[in-house]
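Raw contents of final_19.pdb, PDB, C-alpha atoms and all ligand atoms:
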ATOM      1  CA  MET A1248     -37.238 -23.697  21.563
ATOM      2  CA  ALA A1249     -35.971 -26.937  23.065
ATOM      3  CA  TYR A1250     -38.410 -29.793  23.546
ATOM      4  CA  THR A1251     -37.915 -33.267  24.899
ATOM      5  CA  ILE A1252     -40.124 -35.791  23.173
ATOM      6  CA  LYS A1253     -40.369 -39.512  23.762
ATOM      7  CA  VAL A1254     -40.324 -41.533  20.556
ATOM      8  CA  ASN A1255     -40.368 -45.322  20.553
ATOM      9  CA  GLY A1256     -39.328 -45.370  24.192
ATOM     10  CA  VAL A1257     -36.363 -43.041  23.763
ATOM     11  CA  SER A1258     -36.263 -39.391  24.852
ATOM     12  CA  HIS A1259     -34.939 -36.929  22.303
ATOM     13  CA  SER A1260     -34.136 -33.250  22.747
ATOM     14  CA  VAL A1261     -35.052 -31.199  19.714
ATOM     15  CA  ASP A1262     -34.660 -27.478  19.134
ATOM     16  CA  VAL A1263     -37.422 -26.375  16.774
ATOM     17  CA  ASP A1264     -40.112 -23.724  16.462
ATOM     18  CA  ASP A1265     -43.174 -24.252  18.675
ATOM     19  CA  ASP A1266     -45.474 -24.860  15.730
ATOM     20  CA  THR A1267     -43.259 -27.369  13.949
ATOM     21  CA  PRO A1268     -45.352 -30.403  12.971
ATOM     22  CA  LEU A1269     -44.307 -33.647  14.603
ATOM     23  CA  LEU A1270     -43.964 -35.161  11.123
ATOM     24  CA  TRP A1271     -41.036 -32.867  10.325
ATOM     25  CA  VAL A1272     -39.428 -33.403  13.707
ATOM     26  CA  LEU A1273     -39.509 -37.143  13.088
ATOM     27  CA  ARG A1274     -38.295 -37.001   9.509
ATOM     28  CA  ASP A1275     -35.950 -34.033   9.373
ATOM     29  CA  VAL A1276     -34.602 -33.775  12.907
ATOM     30  CA  LEU A1277     -34.618 -37.377  14.089
ATOM     31  CA  GLY A1278     -34.122 -39.038  10.704
ATOM     32  CA  MET A1279     -37.097 -41.362  11.097
ATOM     33  CA  THR A1280     -38.345 -41.347   7.537
ATOM     34  CA  GLY A1281     -40.780 -44.245   7.794
ATOM     35  CA  THR A1282     -43.592 -41.800   8.532
ATOM     36  CA  LYS A1283     -44.664 -40.240   5.247
ATOM     37  CA  PHE A1284     -45.843 -36.839   4.063
ATOM     38  CA  GLY A1285     -48.884 -36.931   1.830
ATOM     39  CA  CYS A1286     -51.233 -33.981   2.091
ATOM     40  CA  GLY A1287     -50.130 -32.045   5.153
ATOM     41  CA  MET A1288     -53.779 -31.357   6.004
ATOM     42  CA  ALA A1289     -54.982 -34.457   7.879
ATOM     43  CA  LEU A1290     -56.702 -35.753   4.761
ATOM     44  CA  CYS A1291     -54.711 -38.817   3.692
ATOM     45  CA  GLY A1292     -53.359 -40.632   6.758
ATOM     46  CA  ALA A1293     -49.859 -41.188   5.364
ATOM     47  CA  CYS A1294     -48.320 -39.462   8.381
ATOM     48  CA  THR A1295     -50.139 -41.501  11.050
ATOM     49  CA  VAL A1296     -48.266 -42.242  14.281
ATOM     50  CA  HIS A1297     -49.540 -43.258  17.705
ATOM     51  CA  ILE A1298     -49.618 -40.786  20.570
ATOM     52  CA  ASP A1299     -50.323 -42.642  23.792
ATOM     53  CA  GLY A1300     -51.664 -45.428  21.595
ATOM     54  CA  ALA A1301     -54.113 -43.302  19.625
ATOM     55  CA  PRO A1302     -53.655 -42.967  15.865
ATOM     56  CA  THR A1303     -52.732 -39.351  15.211
ATOM     57  CA  ARG A1304     -51.936 -37.303  12.104
ATOM     58  CA  SER A1305     -48.419 -36.069  12.717
ATOM     59  CA  CYS A1306     -48.644 -33.488   9.918
ATOM     60  CA  ILE A1307     -51.013 -31.323  11.964
ATOM     61  CA  THR A1308     -49.711 -32.175  15.445
ATOM     62  CA  THR A1309     -47.386 -29.435  16.570
ATOM     63  CA  VAL A1310     -44.423 -30.243  18.743
ATOM     64  CA  ASP A1311     -45.601 -27.929  21.516
ATOM     65  CA  SER A1312     -48.798 -29.984  21.953
ATOM     66  CA  ILE A1313     -47.118 -33.293  22.718
ATOM     67  CA  GLY A1314     -45.800 -32.805  26.233
ATOM     68  CA  THR A1315     -44.858 -36.063  27.911
ATOM     69  CA  SER A1316     -47.018 -38.253  25.702
ATOM     70  CA  ALA A1317     -45.445 -41.379  24.231
ATOM     71  CA  ILE A1318     -45.028 -41.390  20.462
ATOM     72  CA  THR A1319     -44.805 -44.646  18.532
ATOM     73  CA  THR A1320     -43.836 -44.703  14.863
ATOM     74  CA  ILE A1321     -43.735 -47.309  12.130
ATOM     75  CA  GLU A1322     -40.105 -47.984  13.055
ATOM     76  CA  ALA A1323     -41.193 -49.561  16.353
ATOM     77  CA  ILE A1324     -44.790 -50.679  15.889
ATOM     78  CA  GLY A1325     -43.602 -54.230  15.230
ATOM     79  CA  ALA A1326     -42.450 -54.410  18.847
ATOM     80  CA  THR A1327     -46.048 -54.187  20.051
ATOM     81  CA  PRO A1328     -48.302 -57.276  20.027
ATOM     82  CA  ALA A1329     -50.868 -55.684  17.729
ATOM     83  CA  GLY A1330     -48.218 -54.219  15.469
ATOM     84  CA  ALA A1331     -46.462 -57.552  15.092
ATOM     85  CA  LYS A1332     -49.721 -59.257  14.111
ATOM     86  CA  ILE A1333     -50.567 -56.542  11.624
ATOM     87  CA  GLN A1334     -47.123 -56.563  10.023
ATOM     88  CA  LYS A1335     -47.193 -60.365   9.665
ATOM     89  CA  ALA A1336     -50.626 -60.217   8.061
ATOM     90  CA  TRP A1337     -49.466 -57.430   5.737
ATOM     91  CA  LEU A1338     -46.608 -59.648   4.570
ATOM     92  CA  ASP A1339     -48.764 -62.774   4.266
ATOM     93  CA  ARG A1340     -51.375 -60.920   2.199
ATOM     94  CA  GLU A1341     -48.782 -58.958   0.198
ATOM     95  CA  VAL A1342     -50.763 -55.803   0.884
ATOM     96  CA  PRO A1343     -48.505 -53.000  -0.415
ATOM     97  CA  GLN A1344     -48.311 -51.912  -4.021
ATOM     98  CA  CYS A1345     -46.186 -48.757  -4.288
ATOM     99  CA  GLY A1346     -46.001 -48.742  -0.494
ATOM    100  CA  TYR A1347     -46.218 -45.012   0.081
ATOM    101  CA  CYS A1348     -49.395 -45.055   2.168
ATOM    102  CA  GLN A1349     -48.608 -48.259   3.996
ATOM    103  CA  SER A1350     -46.874 -46.892   7.085
ATOM    104  CA  GLY A1351     -49.989 -44.942   7.886
ATOM    105  CA  GLN A1352     -52.248 -47.866   7.035
ATOM    106  CA  ILE A1353     -50.318 -50.154   9.384
ATOM    107  CA  MET A1354     -50.375 -47.610  12.199
ATOM    108  CA  SER A1355     -54.145 -47.180  11.923
ATOM    109  CA  ALA A1356     -54.718 -50.927  11.661
ATOM    110  CA  ALA A1357     -52.479 -51.687  14.641
ATOM    111  CA  ALA A1358     -54.349 -49.160  16.770
ATOM    112  CA  LEU A1359     -57.631 -50.728  15.685
ATOM    113  CA  ILE A1360     -56.843 -54.284  16.738
ATOM    114  CA  ALA A1361     -55.025 -53.151  19.867
ATOM    115  CA  GLY A1362     -58.303 -51.670  21.073
ATOM    116  CA  ASN A1363     -60.744 -54.063  19.397
ATOM    117  CA  ALA A1364     -59.645 -57.690  19.172
ATOM    118  CA  HIS A1365     -62.393 -58.658  16.723
ATOM    119  CA  PRO A1366     -63.422 -55.666  14.608
ATOM    120  CA  THR A1367     -66.483 -55.863  12.385
ATOM    121  CA  ASP A1368     -66.451 -54.603   8.815
ATOM    122  CA  ALA A1369     -68.022 -51.389  10.103
ATOM    123  CA  ASP A1370     -65.311 -51.050  12.735
ATOM    124  CA  ILE A1371     -62.660 -51.505  10.045
ATOM    125  CA  ASP A1372     -64.365 -48.929   7.835
ATOM    126  CA  ASP A1373     -64.474 -46.450  10.710
ATOM    127  CA  ALA A1374     -60.850 -46.966  11.683
ATOM    128  CA  MET A1375     -59.402 -46.980   8.178
ATOM    129  CA  SER A1376     -61.555 -44.475   6.311
ATOM    130  CA  GLY A1377     -59.046 -41.667   6.838
ATOM    131  CA  ASN A1378     -56.191 -43.588   5.243
ATOM    132  CA  ILE A1379     -56.131 -43.107   1.487
ATOM    133  CA  CYS A1380     -54.402 -45.549  -0.881
ATOM    134  CA  ARG A1381     -53.923 -44.318  -4.423
ATOM    135  CA  CYS A1382     -53.045 -47.863  -5.488
ATOM    136  CA  GLY A1383     -56.357 -49.218  -4.229
ATOM    137  CA  THR A1384     -55.053 -51.870  -1.844
ATOM    138  CA  TYR A1385     -58.186 -51.618   0.289
ATOM    139  CA  VAL A1386     -59.365 -55.195  -0.269
ATOM    140  CA  ARG A1387     -56.042 -56.654   0.866
ATOM    141  CA  ILE A1388     -55.907 -54.243   3.806
ATOM    142  CA  ARG A1389     -59.288 -55.514   4.995
ATOM    143  CA  GLU A1390     -58.221 -59.156   4.562
ATOM    144  CA  ALA A1391     -55.002 -58.526   6.468
ATOM    145  CA  ILE A1392     -56.792 -56.845   9.359
ATOM    146  CA  LYS A1393     -59.172 -59.803   9.569
ATOM    147  CA  GLN A1394     -56.254 -62.233   9.511
ATOM    148  CA  ALA A1395     -54.502 -60.316  12.286
ATOM    149  CA  ALA A1396     -57.697 -60.264  14.328
ATOM    150  CA  GLN A1397     -58.133 -64.025  13.929
ATOM    151  CA  SER A1398     -54.759 -64.485  15.526
ATOM    152  CA  ASN A1399     -56.217 -62.753  18.583
ATOM    153  CA  GLY A1400     -58.051 -66.052  19.175
TER     154      GLY A1400
HETATM  155  S1  LIG B   1     -49.811 -36.023   5.453
HETATM  156 FE1  LIG B   1     -50.899 -36.060   7.313
HETATM  157  S2  LIG B   1     -52.880 -36.745   6.797
HETATM  158 FE2  LIG B   1     -51.877 -36.492   4.879
HETATM  159  S1  LIG B   2     -49.806 -48.805  -1.834
HETATM  160 FE1  LIG B   2     -49.532 -47.110  -3.198
HETATM  161  S2  LIG B   2     -50.625 -45.501  -2.234
HETATM  162 FE2  LIG B   2     -51.143 -47.240  -1.077
END
What would the structure in this file look like if it were written as structure tokens?
Amino acid sequence: MAYTIKVNGVSHSVDVDDDTPLLWVLRDVLGMTGTKFGCGMALCGACTVHIDGAPTRSCITTVDSIGTSAITTIEAIGATPAGAKIQKAWLDREVPQCGYCQSGQIMSAAALIAGNAHPTDADIDDAMSGNICRCGTYVRIREAIKQAAQSNG
């Protein structure tokens, strides 16, 4: 079936089965491979995108559930104020190791500081607990989120 979805401000027509996960529409149909596949079961956070600003696991979000909602991916998060701050902090703190989980980490972190200019440690734990990093970059992730939040003034 044909769907029109809005990704990073651009409308795309895609012809896929109703239950196709958004992750595969992004990666396989639209060629946006920045969003990663990890578990496919909403357990790791690697596939996190924003839907109307909310961090969402694209591996379990079917294309027929999206409607007119606005999707933002790692390819465009740097164009948002929160995303730009998070990406700068990620670079300054040299957060990634292998990098595989980091798209999802950045998407969750950007959503956090977009909605909470000065998150506490508990807020960070709540927002980031669903994003798994096999390389154990959690300490640098926390430092980078705090740095980005400081730049909120
Ligand atoms: S691939 Fe979606 S949460 Fe793991
Ligand atoms: S940086 Fe390797 S899994 Fe997170």
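Of the residues listed (A:Lys1283, A:Arg1304, A:Lys1393, A:His1365), A:Lys1283 shows the shortest atom-to-atom separation from ligand LIG 2 (chain B); distances use all atoms listed in the file.
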List as CSV every residue of chain A that is in contact with ligand LIG 1 (chain B), defined as an atom at most 12 Å from one of its atoms (using all atoms listed in the file), together with the nearest atom pair and the distance in Å rounded to one decimal, sorted by chain and then rising number.
residue,atom,partner,partner_atom,distance
A:Pro1268,CA,B:LIG1,FE1,9.7
A:Leu1269,CA,B:LIG1,FE1,10.1
A:Leu1270,CA,B:LIG1,FE1,8.0
A:Trp1271,CA,B:LIG1,S1,10.5
A:Thr1282,CA,B:LIG1,S1,9.0
A:Lys1283,CA,B:LIG1,S1,6.7
A:Phe1284,CA,B:LIG1,S1,4.3
A:Gly1285,CA,B:LIG1,S1,3.8
A:Cys1286,CA,B:LIG1,FE2,3.8
A:Gly1287,CA,B:LIG1,S1,4.0
A:Met1288,CA,B:LIG1,S2,5.5
A:Ala1289,CA,B:LIG1,S2,3.3
A:Leu1290,CA,B:LIG1,S2,4.4
A:Cys1291,CA,B:LIG1,FE2,3.9
A:Gly1292,CA,B:LIG1,S2,3.9
A:Ala1293,CA,B:LIG1,FE2,5.1
A:Cys1294,CA,B:LIG1,FE1,4.4
A:Thr1295,CA,B:LIG1,FE1,6.6
A:Val1296,CA,B:LIG1,FE1,9.7
A:Pro1302,CA,B:LIG1,S2,11.0
A:Thr1303,CA,B:LIG1,FE1,8.8
A:Arg1304,CA,B:LIG1,FE1,5.1
A:Ser1305,CA,B:LIG1,FE1,5.9
A:Cys1306,CA,B:LIG1,FE1,4.3
A:Ile1307,CA,B:LIG1,FE1,6.6
A:Thr1308,CA,B:LIG1,FE1,9.1
A:Thr1309,CA,B:LIG1,FE1,11.9
A:Tyr1347,CA,B:LIG1,S1,11.1
A:Cys1348,CA,B:LIG1,FE2,9.3
A:Ser1350,CA,B:LIG1,S1,11.4
A:Gly1351,CA,B:LIG1,S2,8.8
A:Gln1352,CA,B:LIG1,S2,11.1
A:Ser1355,CA,B:LIG1,S2,11.7
A:Ser1376,CA,B:LIG1,S2,11.6
A:Gly1377,CA,B:LIG1,S2,7.9
A:Asn1378,CA,B:LIG1,S2,7.8
A:Ile1379,CA,B:LIG1,FE2,8.6
A:Cys1380,CA,B:LIG1,FE2,11.0
Exercise. A:Ala1364, A:Ala1374, A:Ile1353, A:Val1276: which is nearest ligand LIG 2 (chain B), counting all atoms listed in the file?
Worked result: A:Ile1353
Test item: residues lying within 6 Å of ligand LIG 2 (chain B) with all atoms listed in the file, as a compact mmCIF listing (two decimals) with C-alpha atoms, keeping the file's coordinate frame:
# COMPACT_ATOMS: atom_id res chain seq x y z
CA PRO A 1343 -48.50 -53.00 -0.42
CA GLN A 1344 -48.31 -51.91 -4.02
CA CYS A 1345 -46.19 -48.76 -4.29
CA GLY A 1346 -46.00 -48.74 -0.49
CA TYR A 1347 -46.22 -45.01 0.08
CA CYS A 1348 -49.40 -45.06 2.17
CA GLN A 1349 -48.61 -48.26 4.00
CA CYS A 1380 -54.40 -45.55 -0.88
CA ARG A 1381 -53.92 -44.32 -4.42
CA CYS A 1382 -53.04 -47.86 -5.49
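With all atoms listed in the file as the basis for measurement, A:Asp1311 is the residue among A:Thr1384, A:Asp1311, A:Ile1371, A:Gly1300 that approaches A:Val1272 most closely.
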Test item: axis-aligned box, all listed atoms of stretch 1361-1378 of chain A, 5 Å on each side, centre and edges in Å rounded to one decimal, as lines of an AutoDock Vina configuration file:
center_x = -61.5
center_y = -50.2
center_z = 13.2
size_x = 23.0
size_y = 27.0
size_z = 25.8
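Atom CA of A:Gln1334 is found 14.0 Å from atom CA of A:Gly1281.
Neighbours of A:Asp1262 closer than or equal to 7 Å, with all atoms listed in the file counted and sequence neighbours fewer than 3 positions away skipped, come out as Met1248, Ala1249 and Tyr1250 of chain A.
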Give me a file of those residues, with C-alpha atoms, as an mmCIF file, in the coordinates of the input.
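Output contents, as saved in out.cif:
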data_model
loop_
_atom_site.group_PDB
_atom_site.id
_atom_site.type_symbol
_atom_site.label_atom_id
_atom_site.label_comp_id
_atom_site.auth_asym_id
_atom_site.auth_seq_id
_atom_site.Cartn_x
_atom_site.Cartn_y
_atom_site.Cartn_z
ATOM 1 C CA MET A 1248 -37.238 -23.697 21.563
ATOM 2 C CA ALA A 1249 -35.971 -26.937 23.065
ATOM 3 C CA TYR A 1250 -38.410 -29.793 23.546
#
Expansion of the PyMOL selection byres (((chain A and resi 1394) around 10) and not hetatm) into residues, as an mmCIF file with C-alpha atoms, in the frame of the given file:
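Saved the output as selection_12.cif:
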data_model
loop_
_atom_site.group_PDB
_atom_site.id
_atom_site.type_symbol
_atom_site.label_atom_id
_atom_site.label_comp_id
_atom_site.auth_asym_id
_atom_site.auth_seq_id
_atom_site.Cartn_x
_atom_site.Cartn_y
_atom_site.Cartn_z
ATOM 1 C CA LYS A 1332 -49.721 -59.257 14.111
ATOM 2 C CA ILE A 1333 -50.567 -56.542 11.624
ATOM 3 C CA LYS A 1335 -47.193 -60.365 9.665
ATOM 4 C CA ALA A 1336 -50.626 -60.217 8.061
ATOM 5 C CA TRP A 1337 -49.466 -57.430 5.737
ATOM 6 C CA ASP A 1339 -48.764 -62.774 4.266
ATOM 7 C CA ARG A 1340 -51.375 -60.920 2.199
ATOM 8 C CA ILE A 1388 -55.907 -54.243 3.806
ATOM 9 C CA ARG A 1389 -59.288 -55.514 4.995
ATOM 10 C CA GLU A 1390 -58.221 -59.156 4.562
ATOM 11 C CA ALA A 1391 -55.002 -58.526 6.468
ATOM 12 C CA ILE A 1392 -56.792 -56.845 9.359
ATOM 13 C CA LYS A 1393 -59.172 -59.803 9.569
ATOM 14 C CA ALA A 1395 -54.502 -60.316 12.286
ATOM 15 C CA ALA A 1396 -57.697 -60.264 14.328
ATOM 16 C CA GLN A 1397 -58.133 -64.025 13.929
ATOM 17 C CA SER A 1398 -54.759 -64.485 15.526
ATOM 18 C CA ASN A 1399 -56.217 -62.753 18.583
#
Problem set entry | Best match for closeness to A:Val1263 among A:Met1279, A:Thr1315, A:Val1310, A:Ala1358, counting only C-alpha atoms | A:Val1310
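Computed from the coordinates, the atom CA of A:Glu1322 to atom CA of A:His1259 distance equals 15.3 Å.
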